[in-house]
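The block underneath contains the structure these notes are about, expressed in structure tokens.
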There are 2 protein chains.
Amino acid sequence: MSPNPRQLELLEQVRERGSVSVEALAERFGVTLQTVRRDVKLLADAGLLARFHGGARVPSSTTENIAYRQRQSLNEAAKQRIARAVARAVPEACSMIINIGTTTEAIARELLQHKGLRVITNNLNVAAILSDNADCEVIVAGGVVRSRDRGIIGEATVDFIRQFKVDIGLIGISGIEADGSLRDFDYREVKVAQTIIEHSREVWLAADHSKFNRPAMVELAHLNQVDVLFTDAPPPDPFPTLLAEAGVSCNVAV
Amino acid sequence: MSPNPRQLELLEQVRERGSVSVEALAERFGVTLQTVRRDVKLLADAGLLARFHGGARVPSSTTENIAYRQRQSLNEAAKQRIARAVARAVPEACSMIINIGTTTEAIARELLQHKGLRVITNNLNVAAILSDNADCEVIVAGGVVRSRDRGIIGEATVDFIRQFKVDIGLIGISGIEADGSLRDFDYREVKVAQTIIEHSREVWLAADHSKFNRPAMVELAHLNQVDVLFTDAPPPDPFPTLLAEAGVSCNVAV
DNA sequence: ACATCTTCGAACAGAAACGAACTTTTGGCG
DNA sequence: CGCCAAAAGTTCGTTTCTGTTCGAAGATGT
């Protein structure tokens, strides 16, 4: 089978929103319900999506996973903008480590056209996305898979990442506090992120505006370990000062 | 093949716009539809673009992936039966290593209801499937991701797997020859499979009937390293004798 | 459990796209 | 100028896609 653009976009729609009704899809593409059903059946048979009475959704869907997908569609536009800005800044043929997070997944999608990348990641979704880029060597870190977001964490993951040293370490986080500390919720994920920072020549942080002043439990790092911050809106006080003191260049995506 | 200027520009057009209709291309170049089709066919055969009914688009390996998915639907019923048989045989709360293959993915789906499993895999798809089982610890092996089937292969993968010793090693293969040798196509995958065999207390082989007498390049192992064979039809001669000699118990799924 | 409203899927028909075979044009080259 | 080969155009039977219709299957509310 060779899927046509409509079918590919259908897939994208479903992946973006988690689930879409047949009717909405028919409307979107200006075709009849029956045609959408045919497309959906085709893609479902290929295992690329799952169907339910009235529509289609992403194939994997525990409750947790859906929650994650929904979080993914939160601030979707902001994430997209950040992702594009990051992708523009990434040179061709460089090596990177990319960690867990909905923003980093958006970035991975934007990197599909880059040539000669070598990407190490502890995020199954990032690995799956980038494995579609024939001109990108994807290395996935070993370790325990967390079902919530398909992140790979744990001691083994840390050991695995230690083997490398890359040009760019790209991390997403849960929160930045007013003292300049970067924080996350899961202790084991923090360990991985710290290792990524240590093994990157340059550290890029991707965080949309909702992350500023958002509290999280575990301290991961401090702003002065970061080289570039990518975000979607000018940071609120006191962050401009903090960023300047820490020598972080701030890239606000428009 | 030596593409003419029009064909080169056609390629460029497709890459720029993602996908273009045959008609638009014909218009663009002032030639007939048939000529465009000839060009498109040529470029598609060379793998430089993918075609769909009505036009052409970039050969995103989502497409290759779909080809893989379709292979998955080949002998689907047989694989499903094998998968169910394997799942019935897997005790609760055991540890396993599962390798690459469409059959092993079907098995992963059947294991979604098992409790207390600990699964190590070098297959991103298996990892993704089983991560939906909240009561299953999934460990993914680190290494290079092969875009064709999202298998993880290479030296790092071998090293990673060496850390473990599990109850059951579950492998799928490309072919079993009449001398009892198990074979596959990719050298690096074979290395991984060998390591899995070494680090499993018991080796289970899943192979549908199409695998018997199917030639493949690289020798992976021999039947006498296998403890149980799961298949969907009684093996043809001379395999019954071979299996008996090798002490392999054969489980034919009905 | 029943009635009702949706959604689904099979079957058919018209339209569009395809591919094979054949013809025409184009551009050397003796 | 005439010949030849390669590229492009033409024609036509075949395949693929899409919309339509209608009975079956699935959801929903009482």
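Letters A, B, ... go to the chains of the structure tokens in the order shown; residues in each chain start at 1; ligands are counted from 1 in the same order.
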Q: Identify, with DSSP run on backbone atoms, the residues in segment 19-196 of chain B assigned to strand (DSSP E), and express the list as a VMD selection string.
A: chain B and resid 19 to 21 50 to 52 55 to 57 95 to 98 117 to 121 136 to 140 143 to 146 151 to 153 166 to 172 175 to 176 181 to 184
Q) Within 12 Å of Glu12 of chain A, counting only C-alpha atoms (C1' of nucleotides), which residues qualify if same-chain residues fewer than 2 places away don't, as a list in words? A)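 Near neighbours after the sequence-gap exclusion: Pro5, Arg6, Gln7, Leu8, Glu9, Leu10, Val14, Arg15, Glu16, Arg17, Gly18, Ser19, Val20, Leu25, Leu43, Leu48, Leu49, Ala56, Arg57, Val58, Arg109 and Ile129 of chain A; Thr62 of chain B.
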Q.
Just the number, please: distance in Å from atom CA of Ala127 of chain A to atom CA of Gly175 of chain B, one decimal.
A. 28.4 Å
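Using only C-alpha atoms (C1' of nucleotides), we find that the part of chain D lying within 10 Å of chain B comprises DA7, DA8, DG9, DT10, DT16 and DC17 of chain D.
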Q: Name all residues at most 10 Å from segment 2-19 of chain C (count only C-alpha atoms (C1' of nucleotides); drop same-chain ones fewer than 6 positions away) and give them as a PyMOL selection string.
A: (chain A and resi 22+33-34+37-38+53-55) or (chain B and resi 22+33-34+37-38+53-55) or (chain D and resi 13-30)
Q: Can you list, as a PyMOL selection string, all residues belonging to segment 48-247 of chain B that DSSP tags as alpha helix (DSSP H)?
A: chain B and resi 61-73+76-89+102-110+124-130+155-161+187-198+239-246
Q: Name all residues at most 10 Å from Gln113 of chain B (count only C-alpha atoms (C1' of nucleotides); drop same-chain ones fewer than 6 positions away) and give them as a list in words.
A: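 These residues fall inside the cut-off: Ala87, Glu92, Leu130, Asp132, Asn133, Ala134, Asp135 and Cys136 of chain B.
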